[in-house]
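Visitor: Dumping the structure here so I can ask a few things about it.
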Number of protein chains: 4
Amino acid sequence: MGPVHATFLIAAPDQPGLVARLAGFFYDIGLNIIDASNHTDAFMDEGPRFFMRLVVDLSGLASPAAVAALGGSATRGAIEAAFRELAASLSARWSVDYSDHVPKMAILVTRDPACLYDLVLRQRAGELRCEIPLVISNHPTLEAVAESFRIPFFCIPITPETKREQERQVLHLLKRHHVDLVVLARYMQILSEQMLDEAPPVINIHHGFLPAFQGAKPYHQAHARGVKLIGATAHYATRDLDQGPIIEQDVARVNHQMGPEEMTRMGRDVERLVLSRAVRAHLERRVIVEGRRTVVF
Amino acid sequence: MGPVHATFLIAAPDQPGLVARLAGFFYDIGLNIIDASNHTDAFMDEGPRFFMRLVVDLSGLASPAAVAALGGSATRGAIEAAFRELAASLSARWSVDYSDHVPKMAILVTRDPACLYDLVLRQRAGELRCEIPLVISNHPTLEAVAESFRIPFFCIPITPETKREQERQVLHLLKRHHVDLVVLARYMQILSEQMLDEAPPVINIHHGFLPAFQGAKPYHQAHARGVKLIGATAHYATRDLDQGPIIEQDVARVNHQMGPEEMTRMGRDVERLVLSRAVRAHLERRVIVEGRRTVVF
Amino acid sequence: MGPVHATFLIAAPDQPGLVARLAGFFYDIGLNIIDASNHTDAFMDEGPRFFMRLVVDLSGLASPAAVAALGGSATRGAIEAAFRELAASLSARWSVDYSDHVPKMAILVTRDPACLYDLVLRQRAGELRCEIPLVISNHPTLEAVAESFRIPFFCIPITPETKREQERQVLHLLKRHHVDLVVLARYMQILSEQMLDEAPPVINIHHGFLPAFQGAKPYHQAHARGVKLIGATAHYATRDLDQGPIIEQDVARVNHQMGPEEMTRMGRDVERLVLSRAVRAHLERRVIVEGRRTVVF
Amino acid sequence: MGPVHATFLIAAPDQPGLVARLAGFFYDIGLNIIDASNHTDAFMDEGPRFFMRLVVDLSGLASPAAVAALGGSATRGAIEAAFRELAASLSARWSVDYSDHVPKMAILVTRDPACLYDLVLRQRAGELRCEIPLVISNHPTLEAVAESFRIPFFCIPITPETKREQERQVLHLLKRHHVDLVVLARYMQILSEQMLDEAPPVINIHHGFLPAFQGAKPYHQAHARGVKLIGATAHYATRDLDQGPIIEQDVARVNHQMGPEEMTRMGRDVERLVLSRAVRAHLERRVIVEGRRTVVF
């Protein structure tokens with residue numbers, strides 16, 4: 001297992017002394033910084049903005065220094081309370097995540113097994129640090145795949161009339177299983193705004209290179225347009241369809257010899273890679289969302 | 001120099017025996033095929049379509065067999081006349097180009113020297129088989145660059161009022177210098193439909209990954225959207241702005257650390273490569289345009 | 001199913017009229033050419049060499065013309081006999097493959113499931129046109145994976161003393177199952193020369209970018225050397241270890257932040273893609289081997 | 001111009017509190033950290049090692065706080081003296097560079113103009129923050145290119161007998177012009193160990209994908225081997241030829257259709273991009289050399 005780490009993500013208006021004050025906060029408690037990355041974006045409309053990711057080793061919590069610095073009780077709660085004060089004084093948004101908390105990821109699918117297999121196999125290979133408590137689908141097709149990995153599979157069909165009710169059931173499942181992250185792995189349904197408001201963060205893979213070819217059958221559009229590259233985009237799902245903050249993108253070269261089917265096949269490879277990289281970045285707490293953009297450390 | 005070659009480009013409705021009949025045509029005359037590529041696109045709306053590129057060695061023209069097969073006079077004109085008949089029987093569009101005809105390429109620029117330098121240096125290095133008889137600009141900025149390579153530079157400023165007149169002058173220059181190809185190397189003007197109708201083929205570089213981010217300042221758009229890739233597209237200029245047949249595209253990875261300026265710099269590198277590859281493909285007669293698409297052999 | 005196709009692969013010394021004579025051969029029998037690619041390599045030590053891939057539609061075999069042209073019996077055997085004569089007159093090496101013959105592919109593995117899953121899932125998705133009659137391993141680890149796809153799994157352990165005997169058993173299995181292609185999907189054994197001589201074609205994935213970092217632990221070597229790219233190479237296994245003809249290669253960017261483990265993970269993604277592309281090219285009869293090189297149409 | 005910055009590069013054995021102590025050093029003086037990156041490499045033979053790049057704004061030097069903290073005189077010398085003490089206590093190697101010091105870069109060439117043009121044009125476009133006080137060659141070929149940019153050109157031919165003497169003259173020129181960086185832009189000579197010992201840092205572009213195909217004519221080797229990718233490597237020149245720390249690498253896809261010449265042409269494009277990226281990283285003080293490896297922030 002190794003020692004427990006805490007990962008802090010911070011976003012704040014840029015101001016002098018930020019690195020020193022944030023690093024100093026942990027130094028004073030006696031917690032060692034294992035990894036630190038920061039970035040200042042000078043091109044934001046509302047003025048320069050500072051982003052930081054800090055990973056600290058919690059072993060130091062056991063030291064008398066930590067106890068003293070945190071007012072007598074060196075708990076996670078005490079760190080968070082102290083950091084909350086610092087963050088407030090910096091007008092910072094922040095979050096913290098602990099390495100002994102293994103996130104639970106629900107995978108939503110329809111009929112295409114490619115991304116489902118890819119995510120599960122990577123999780124099993126240790127590439128994605130998470131549990132997968134369930135797979136949810138609106139079609140029964142992929143039950144056998146989920147079951148072959150001994151992952152519970154829930155099939156909740158959907159029709160225009162039952163959409164609201166189906167989403168309520170899905171939300172119920174997500175809550176019951178304490179899901180931290182939802183991945184739409186070629187789930188061919190658009191989540192309603194209500195659902196997005198109530199669900200944990202949702203990552204979607206867009207089978208196309210956003211902002212190009214939005215909507216259905218992008219590879220057929222790409223073929224008809226004679227493009228020389230096709231791509232895929234992983235993004236957080238938001239109320240603006242296909243406009244959520246982009247986490248990862250990639251492309252593959254195509255040429256005139258490839259029909260829409262071949263492009264679809266190549267696109268599937270890109271989709272898989274892009275989705276797994278985005279999920280991995282999220283699970284490793286390397287993503288900060290800022291408006292329509294992301295900082296990916 | 002080596003022997004003279006002729007390059008035939010053919011597009012026709014798919015039908016049995018096309019490769020054999022086209023190859024047989026040259027075999028019967030005694031002309032050796034040096035290079036042959038073909039492609040059948042099964043996904044066209046109007047039915048499958050066949051494309052072929054054939055490079056033949058004209059040395060064989062001197063043989064008695066050629067003379068006999070071509071009715072007594074083995075000239076290029078006689079080959080073309082015979083091929084025209086064959087093509088008509090196949091409902092084929094076609095063109096032919098001879099390797100001892102060195103195409104003349106005009107470069108249109110505004111202020112940015114990057115693509116201009118790149119094209120001229122590649123031509124000097126033997127990568128682009130063409131002459132560059134002139135550079136035309138709507139600004140005086142790049143005169144020294146053109147002159148340093150001893151290429152005549154014409155500056156014809158443009159205003160909304162003088163656009164039609166300016167284009168007339170540009171067209172006059174293109175004709176006077178027998179220009180075969182016009183390259184818009186970051187020429188910051190939109191050519192009018194009349195101009196496009198009268199000009200030789202025009203290749204444009206779009207500083208963005210079409211069909212994404214059409215219009216102005218694409219790198220600023222890309223930065224604001226937080227994309228993870230930026231790209232460039234070289235296409236034939238047509239009446240539909242930014243909708244002409246795509247010849248080549250490529251991308252570069254970007255990340256949150258890069259501001260619009262850095263993206264612009266990286267984009268410039270992609271633009272240069274993409275434009276030169278497209279121009280090279282055109283000059284080597286490897287491009288067949290079919291509607292909004294291209295076949296690039 | 002669609003009509004049956006035959007794919008001819010031809011390699012011959014370059015000579016006038018090759019395209020026309022080869023295409024004409026099928027035209028005269030009345031067989032339509034569906035796809036044709038050819039290439040002349042002018043840089044071979046023994047003089048220019050011509051390569052061609054021809055796909056023809058066998059529906060035409062039923063026509064009276066074919067019967068007449070093939071001397072009374074329009075069989076595959078008759079075509080092959082006639083083509084053999086043509087090939088001999090051109091000093092050509094050639095092979096033919098029929099689309100109603102579904103190749104049988106054996107997968108050899110050790111402990112790593114990534115490539116095995118990838119190949120099986122692509123075959124199931126219709127991307128690889130083959131049957132997988134068996135998986136062979138020198139370790140029991142992956143039995144459950146093979147069985148979950150209902151593919152027979154044979155475990156034949158190996159020690160330095162039993163190597164020859166183990167290979168004999170493997171060869172016996174390959175023959176009993178009529179295997180046409182062997183894929184070493186991270187099979188951590190070197191095949192002996194005798195085995196390679198007796199086995200069907202063998203494709204191997206080299207976890208490294210040949211000719212760099214040959215031998216063991218290439219990602220650790222790569223990390224120690226501080227390279228900025230890592231790659232993988234799929235090649236036919238030959239008596240010269242890691243020197244067989246390369247079919248496909250690709251790379252991924254790495255940086256100083258990545259340790260050997262992270263590089264291994266990224267390398268695994270590249271390996272999978274590269275191996276599946278190579279297998280696909282082989283199965284589609286798009287590869288001609290010529291000495292230490294390949295032509296991949 | 002904007003305010004003056006100082007860029008500190010630090011390498012030290014990993015130890016608790018490094019980020020906080022280094023950031024705190026500048027915070028205490030009242031200097032704002034504009035940019036900070038750090039990295040811990042856990043895979044070094046001699047134990048984990050810490051690397052950091054810190055860019056600070058020197059405007060703060062004028063404040064009473066800085067004067068007090070630095071013992072009465074807030075000069076660069078005083079900062080360096082104080083930092084030297086801190087570094088010693090951490091067993092750190094370090095360097096500092098000021099943004100009002102514009103580095104002087106000498107370009108060494110032989111006959112190939114591609115990299116020379118590329119570097120000069122990027123410097124003129126503001127992409128490379130440096131002066132180019134001279135171009136040195138062992139051949140007269142590129143004089144006109146240098147002169148067209150009004151850069152002094154020195155031609156010092158070399159023969160096996162005069163190599164030592166020629167190098168002495170080159171070293172003399174480098175010193176006389178206060179050169180900070182030497183770029184071998186396709187300079188077809190191997191620098192002697194003595195020369196490397198006395199010269200400023202030297203960046204070389206290797207026309208091949210190290211560690212593959214070391215030595216002469218790599219593209220011909222690549223063609224003969226039938227590789228599917230070619231590449232280029234920019235590295236610091238050291239006594240071990242082609243073994244110096246790698247700064248940047250990239251590749252381009254090739255196929256069987258490309259002869260050695262076409263590969264050379266494509267390789268030239270990769271070389272140019274790779275070299276300019278490496279030079280840019282060096283000039284922006286983003287490279288820390290550690291043994292045979294580099295950390296490129």
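Every chain in the structure tokens takes a letter, A first, then B, and so on in the order presented; its residues are numbered from 1, and the ligands are numbered from 1 following the presented order.
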Please identify the strand (DSSP E or B) residues within region 33-132 of chain A (assignment by DSSP from backbone atoms) and present them as number ranges by chain.

Guide: A: 33-41, 49-57, 93-98, 104-109, 131

Visitor: Please, which residues of chain B lie no more than 10 Å from chain C when the count uses only C-alpha atoms, and can they be set out as a ChimeraX atom specification?

Guide: /B:14-28,30-40,50,57

Visitor: Take the residues just selected and output them with N, CA, C and O atoms as a compact mmCIF listing (two decimals), in the first residue's frame.

Guide:
```
# COMPACT_ATOMS: atom_id res chain seq x y z
N ASP B 14 -17.26 3.29 -61.85
CA ASP B 14 -16.62 1.98 -61.81
C ASP B 14 -17.30 1.03 -62.80
O ASP B 14 -18.50 1.09 -62.99
N GLN B 15 -16.50 0.19 -63.44
CA GLN B 15 -17.01 -0.75 -64.44
C GLN B 15 -15.96 -1.83 -64.65
O GLN B 15 -14.77 -1.59 -64.39
N PRO B 16 -16.37 -3.01 -65.09
CA PRO B 16 -15.41 -4.11 -65.23
C PRO B 16 -14.30 -3.78 -66.23
O PRO B 16 -14.52 -3.10 -67.23
N GLY B 17 -13.10 -4.26 -65.93
CA GLY B 17 -12.00 -4.19 -66.89
C GLY B 17 -11.27 -2.87 -66.96
O GLY B 17 -10.44 -2.67 -67.85
N LEU B 18 -11.53 -1.96 -66.00
CA LEU B 18 -10.94 -0.63 -66.13
C LEU B 18 -9.41 -0.66 -66.06
O LEU B 18 -8.73 -0.05 -66.90
N VAL B 19 -8.86 -1.35 -65.05
CA VAL B 19 -7.40 -1.38 -64.92
C VAL B 19 -6.78 -1.98 -66.18
O VAL B 19 -5.84 -1.42 -66.77
N ALA B 20 -7.34 -3.09 -66.62
CA ALA B 20 -6.77 -3.77 -67.78
C ALA B 20 -6.88 -2.90 -69.04
O ALA B 20 -5.93 -2.79 -69.82
N ARG B 21 -8.01 -2.24 -69.22
CA ARG B 21 -8.17 -1.44 -70.44
C ARG B 21 -7.26 -0.22 -70.42
O ARG B 21 -6.68 0.14 -71.44
N LEU B 22 -7.15 0.42 -69.25
CA LEU B 22 -6.30 1.61 -69.18
C LEU B 22 -4.83 1.23 -69.31
O LEU B 22 -4.06 1.86 -70.06
N ALA B 23 -4.42 0.18 -68.60
CA ALA B 23 -3.03 -0.26 -68.71
C ALA B 23 -2.75 -0.77 -70.12
O ALA B 23 -1.70 -0.52 -70.71
N GLY B 24 -3.74 -1.50 -70.67
CA GLY B 24 -3.57 -2.06 -72.00
C GLY B 24 -3.40 -0.99 -73.07
O GLY B 24 -2.65 -1.16 -74.03
N PHE B 25 -4.08 0.14 -72.85
CA PHE B 25 -3.95 1.24 -73.82
C PHE B 25 -2.49 1.61 -74.03
O PHE B 25 -2.02 1.75 -75.17
N PHE B 26 -1.75 1.75 -72.93
CA PHE B 26 -0.34 2.16 -73.05
C PHE B 26 0.54 0.99 -73.49
O PHE B 26 1.51 1.17 -74.23
N TYR B 27 0.17 -0.20 -73.06
CA TYR B 27 0.93 -1.38 -73.45
C TYR B 27 0.90 -1.54 -74.97
O TYR B 27 1.91 -1.80 -75.61
N ASP B 28 -0.28 -1.33 -75.55
CA ASP B 28 -0.43 -1.51 -76.99
C ASP B 28 0.39 -0.49 -77.77
O ASP B 28 0.85 -0.77 -78.88
N GLY B 30 3.16 0.63 -76.65
CA GLY B 30 4.57 0.37 -76.36
C GLY B 30 5.16 1.31 -75.33
O GLY B 30 6.37 1.44 -75.21
N LEU B 31 4.28 1.97 -74.55
CA LEU B 31 4.78 2.89 -73.51
C LEU B 31 4.78 2.16 -72.17
O LEU B 31 3.76 1.62 -71.76
N ASN B 32 5.91 2.18 -71.50
CA ASN B 32 6.03 1.46 -70.24
C ASN B 32 5.38 2.25 -69.11
O ASN B 32 5.59 3.45 -68.97
N ILE B 33 4.60 1.55 -68.29
CA ILE B 33 3.99 2.17 -67.11
C ILE B 33 5.00 2.14 -65.97
O ILE B 33 5.45 1.08 -65.56
N ILE B 34 5.36 3.31 -65.48
CA ILE B 34 6.35 3.40 -64.41
C ILE B 34 5.70 3.33 -63.05
O ILE B 34 6.24 2.80 -62.10
N ASP B 35 4.52 3.90 -62.97
CA ASP B 35 3.85 3.94 -61.67
C ASP B 35 2.35 3.93 -61.93
O ASP B 35 1.85 4.66 -62.80
N ALA B 36 1.64 3.12 -61.17
CA ALA B 36 0.19 3.04 -61.34
C ALA B 36 -0.45 2.90 -59.98
O ALA B 36 -0.02 2.08 -59.17
N SER B 37 -1.45 3.71 -59.72
CA SER B 37 -2.22 3.59 -58.49
C SER B 37 -3.68 3.72 -58.87
O SER B 37 -4.03 4.49 -59.77
N ASN B 38 -4.53 2.96 -58.19
CA ASN B 38 -5.95 3.15 -58.46
C ASN B 38 -6.73 2.92 -57.20
O ASN B 38 -6.24 2.35 -56.23
N HIS B 39 -7.95 3.39 -57.22
CA HIS B 39 -8.80 3.32 -56.03
C HIS B 39 -10.25 3.34 -56.47
O HIS B 39 -10.62 4.12 -57.34
N THR B 40 -11.05 2.48 -55.86
CA THR B 40 -12.48 2.51 -56.13
C THR B 40 -13.20 2.92 -54.86
O THR B 40 -13.01 2.30 -53.82
N PHE B 50 -14.29 5.11 -59.78
CA PHE B 50 -12.93 4.60 -59.96
C PHE B 50 -11.98 5.76 -60.23
O PHE B 50 -12.29 6.66 -61.01
N ASP B 57 6.35 6.18 -69.39
CA ASP B 57 7.63 6.64 -69.93
C ASP B 57 7.45 6.91 -71.42
O ASP B 57 7.08 6.01 -72.18
```

Visitor: Quote the spacing between CA of Asn138 (chain A) and CA of Ile151 (chain A) in Å to one decimal place.

Guide: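 So the answer is 16.2 Å.
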
Visitor: Between CA of Val56 (chain C) and CA of Glu85 (chain C), what distance in Å does the model show, to one decimal?

Guide: 18.3 Å

Visitor: Distance CA of Ala146 (chain A)-CA of Leu273 (chain A), one decimal place?

Guide: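 Distance between the two atoms: 20.0 Å.
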
Visitor: Which residue, A:Ala278, A:Leu119, A:Met266, A:Leu54, has the smallest gap to Val96 (chain A) when you use only C-alpha atoms?

Guide: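 Smallest distance to Val96 (chain A) is found for A:Leu54.
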
Visitor: What are the DSSP alpha helix (DSSP H) residues of region 48-269 of chain C, as a PyMOL selection string?

Guide: chain C and resi 64-69+76-89+114-124+143-148+163-176+193-198+218-225+260-269

Visitor: Could you name the residues that touch region 225-242 of chain D at 6 Å or less, counting only C-alpha atoms, but leaving out those on the same chain fewer than 5 positions away, as a PyMOL selection string?

Guide: (chain C and resi 249+293) or (chain D and resi 193+202-209+247-255+271+275)

Visitor: Find the spatial neighbours of region 110-113 of chain D, counting only C-alpha atoms, within a cut-off of 6 Å - ignore same-chain residues fewer than 6 positions away - and output them as a ChimeraX atom specification.

Guide: /D:137-139,141,187

Visitor: Using all heavy atoms, can you export the residues from the last selection as a PDB file, in the first residue's frame?

Guide:
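To be explicit, this is the file written out as selection-v2.pdb:
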```pdb
ATOM      1  N   SER D 137      31.457  27.988 -40.664  1.00  0.00           N
ATOM      2  CA  SER D 137      31.336  26.805 -41.521  1.00  0.00           C
ATOM      3  C   SER D 137      32.707  26.293 -41.911  1.00  0.00           C
ATOM      4  O   SER D 137      33.691  27.038 -41.897  1.00  0.00           O
ATOM      5  CB  SER D 137      30.532  27.141 -42.772  1.00  0.00           C
ATOM      6  OG  SER D 137      30.407  25.992 -43.585  1.00  0.00           O
ATOM      7  N   ASN D 138      32.782  25.037 -42.267  1.00  0.00           N
ATOM      8  CA  ASN D 138      34.001  24.508 -42.865  1.00  0.00           C
ATOM      9  C   ASN D 138      33.926  24.511 -44.382  1.00  0.00           C
ATOM     10  O   ASN D 138      34.800  23.976 -45.052  1.00  0.00           O
ATOM     11  CB  ASN D 138      34.290  23.088 -42.340  1.00  0.00           C
ATOM     12  CG  ASN D 138      33.119  22.156 -42.577  1.00  0.00           C
ATOM     13  OD1 ASN D 138      31.971  22.607 -42.636  1.00  0.00           O
ATOM     14  ND2 ASN D 138      33.401  20.868 -42.710  1.00  0.00           N
ATOM     15  N   HIS D 139      32.873  25.100 -44.919  1.00  0.00           N
ATOM     16  CA  HIS D 139      32.686  25.206 -46.372  1.00  0.00           C
ATOM     17  C   HIS D 139      32.135  26.583 -46.698  1.00  0.00           C
ATOM     18  O   HIS D 139      31.399  27.144 -45.886  1.00  0.00           O
ATOM     19  CB  HIS D 139      31.695  24.144 -46.860  1.00  0.00           C
ATOM     20  CG  HIS D 139      32.339  22.835 -47.188  1.00  0.00           C
ATOM     21  ND1 HIS D 139      32.912  22.575 -48.405  1.00  0.00           N
ATOM     22  CD2 HIS D 139      32.526  21.729 -46.442  1.00  0.00           C
ATOM     23  CE1 HIS D 139      33.412  21.339 -48.399  1.00  0.00           C
ATOM     24  NE2 HIS D 139      33.194  20.808 -47.205  1.00  0.00           N
ATOM     25  N   THR D 141      29.848  27.299 -48.834  1.00  0.00           N
ATOM     26  CA  THR D 141      28.543  27.234 -49.501  1.00  0.00           C
ATOM     27  C   THR D 141      27.491  28.202 -48.962  1.00  0.00           C
ATOM     28  O   THR D 141      26.762  28.829 -49.729  1.00  0.00           O
ATOM     29  CB  THR D 141      27.966  25.803 -49.383  1.00  0.00           C
ATOM     30  OG1 THR D 141      29.025  24.878 -49.630  1.00  0.00           O
ATOM     31  CG2 THR D 141      26.824  25.585 -50.337  1.00  0.00           C
ATOM     32  N   TYR D 187      26.346  20.300 -39.080  1.00  0.00           N
ATOM     33  CA  TYR D 187      27.788  20.525 -39.209  1.00  0.00           C
ATOM     34  C   TYR D 187      28.426  19.155 -39.294  1.00  0.00           C
ATOM     35  O   TYR D 187      28.342  18.367 -38.338  1.00  0.00           O
ATOM     36  CB  TYR D 187      28.286  21.302 -37.987  1.00  0.00           C
ATOM     37  CG  TYR D 187      29.764  21.607 -37.956  1.00  0.00           C
ATOM     38  CD1 TYR D 187      30.332  22.444 -38.913  1.00  0.00           C
ATOM     39  CD2 TYR D 187      30.582  21.100 -36.948  1.00  0.00           C
ATOM     40  CE1 TYR D 187      31.691  22.753 -38.864  1.00  0.00           C
ATOM     41  CE2 TYR D 187      31.931  21.412 -36.885  1.00  0.00           C
ATOM     42  CZ  TYR D 187      32.490  22.228 -37.859  1.00  0.00           C
ATOM     43  OH  TYR D 187      33.842  22.535 -37.810  1.00  0.00           O
TER      44      TYR D 187
END
```
